[in-house]
Amino acid sequence: LLLLAKLRKLVRRAEAGICKTLFNEALCNRLIKLCTLALGVGSVCTLFGAEARYAFGEFNAEMAALAKQYGAGYVVMHNPCGADIVQEYKDGVVSHIRNLFLDALSLAAETGLCKEQLCFDVGLGFSKSYEDNLEILRNLEWLKFKGVPLLVAASRKRFIGIASGEENSALRDPGTVAAHTAAIAAGADIIRVHDVAGAVQAAKVADVIFRKQGE
């Protein structure tokens, strides 16, 4: 038991050291997004400045309480069973995602987490078929909730490769721009990308066209 306690202490120190190094090297005036299911990792990273964390597949009350405590953002992502398993949705994938987001809104209110701290991620490519991903992009307006930013992460995903015929994921940036432009037109507020420069330019133009921003 003593050895186990010492090992746990060493792990916590290692986690803290890694997080501190990462955040010191990052642009600290930028939002740092933390993708984790581990409450301990979330706690350590929050102490060093992480402002957004993920809940995969269901609302995590403990992680939400941590976000509330530190005033961090909390991203709820639809991902029932991982990236390598395609789930069948009895009432359709859009309905399934919408119900998750509705539950998250209710549970966030119970936890005391402000609505403004929430963000919803539709989880493209996770637990979804090729057709599911397209169905989501075609019906994003049903997944928008007032006051909660909607995140879409289509960058270089497999469904873009299928749609375009491009097997090399590194060459899917044009298809990514197309998917994200469609998402912005339908109400997406945040996109996650690999090619930052190209995505920023495309998003600015899409915002001007569809949201009349920057006119």
# chains A, B, ... in the order shown; residues from 1 in each chain; ligands from 1
$ residues_around --residues "segment 106-113 of chain A" --least-positions-apart "5" --cutoff "12 Å" --atoms "only C-alpha atoms" --output "list in words"
Glu58, Phe59, Asn60, Ala61, Glu62, Met63, Ala64, Ala65, Leu66, Ala67, Lys68, Gln69, Tyr70, Gly71, Ala72, Gly73, Tyr74, Val75, Val76, Asn99, Leu100, Phe101, Leu118, Cys119 and Val148 of chain A
$ select_by_dssp --residues "segment 90-169 of chain A" --states "helix (DSSP H, G or I)" --output "count of residues only"
43
$ residues_around --residues "Ser129 of chain A" --least-positions-apart "5" --cutoff "9 Å" --atoms "only C-alpha atoms" --output "list of chain:residue names"
A:Ile85, A:Val86, A:Gln87, A:Glu88, A:Leu134, A:Phe159
$ write_last_selection --atoms "C-alpha atoms" --output "short mmCIF file (atom, residue, chain, number, x, y, z; two decimals), in the first residue's frame"
data_model
loop_
_atom_site.label_atom_id
_atom_site.label_comp_id
_atom_site.auth_asym_id
_atom_site.auth_seq_id
_atom_site.Cartn_x
_atom_site.Cartn_y
_atom_site.Cartn_z
CA ILE A 85 -17.33 1.53 -33.64
CA VAL A 86 -20.35 2.60 -35.70
CA GLN A 87 -23.51 2.72 -33.63
CA GLU A 88 -26.99 2.30 -35.02
CA LEU A 134 -23.44 13.78 -43.83
CA PHE A 159 -15.95 10.72 -44.47
#
$ residues_around --residues "segment 206-208 of chain A" --least-positions-apart "4" --cutoff "12 Å" --atoms "only C-alpha atoms" --output "PyMOL selection string"
chain A and resi 177-190+199-202+212-215
$ select_by_dssp --residues "segment 99-145 of chain A" --states "strand (DSSP E or B)" --output "PyMOL selection string"
chain A and resi 118-121+145
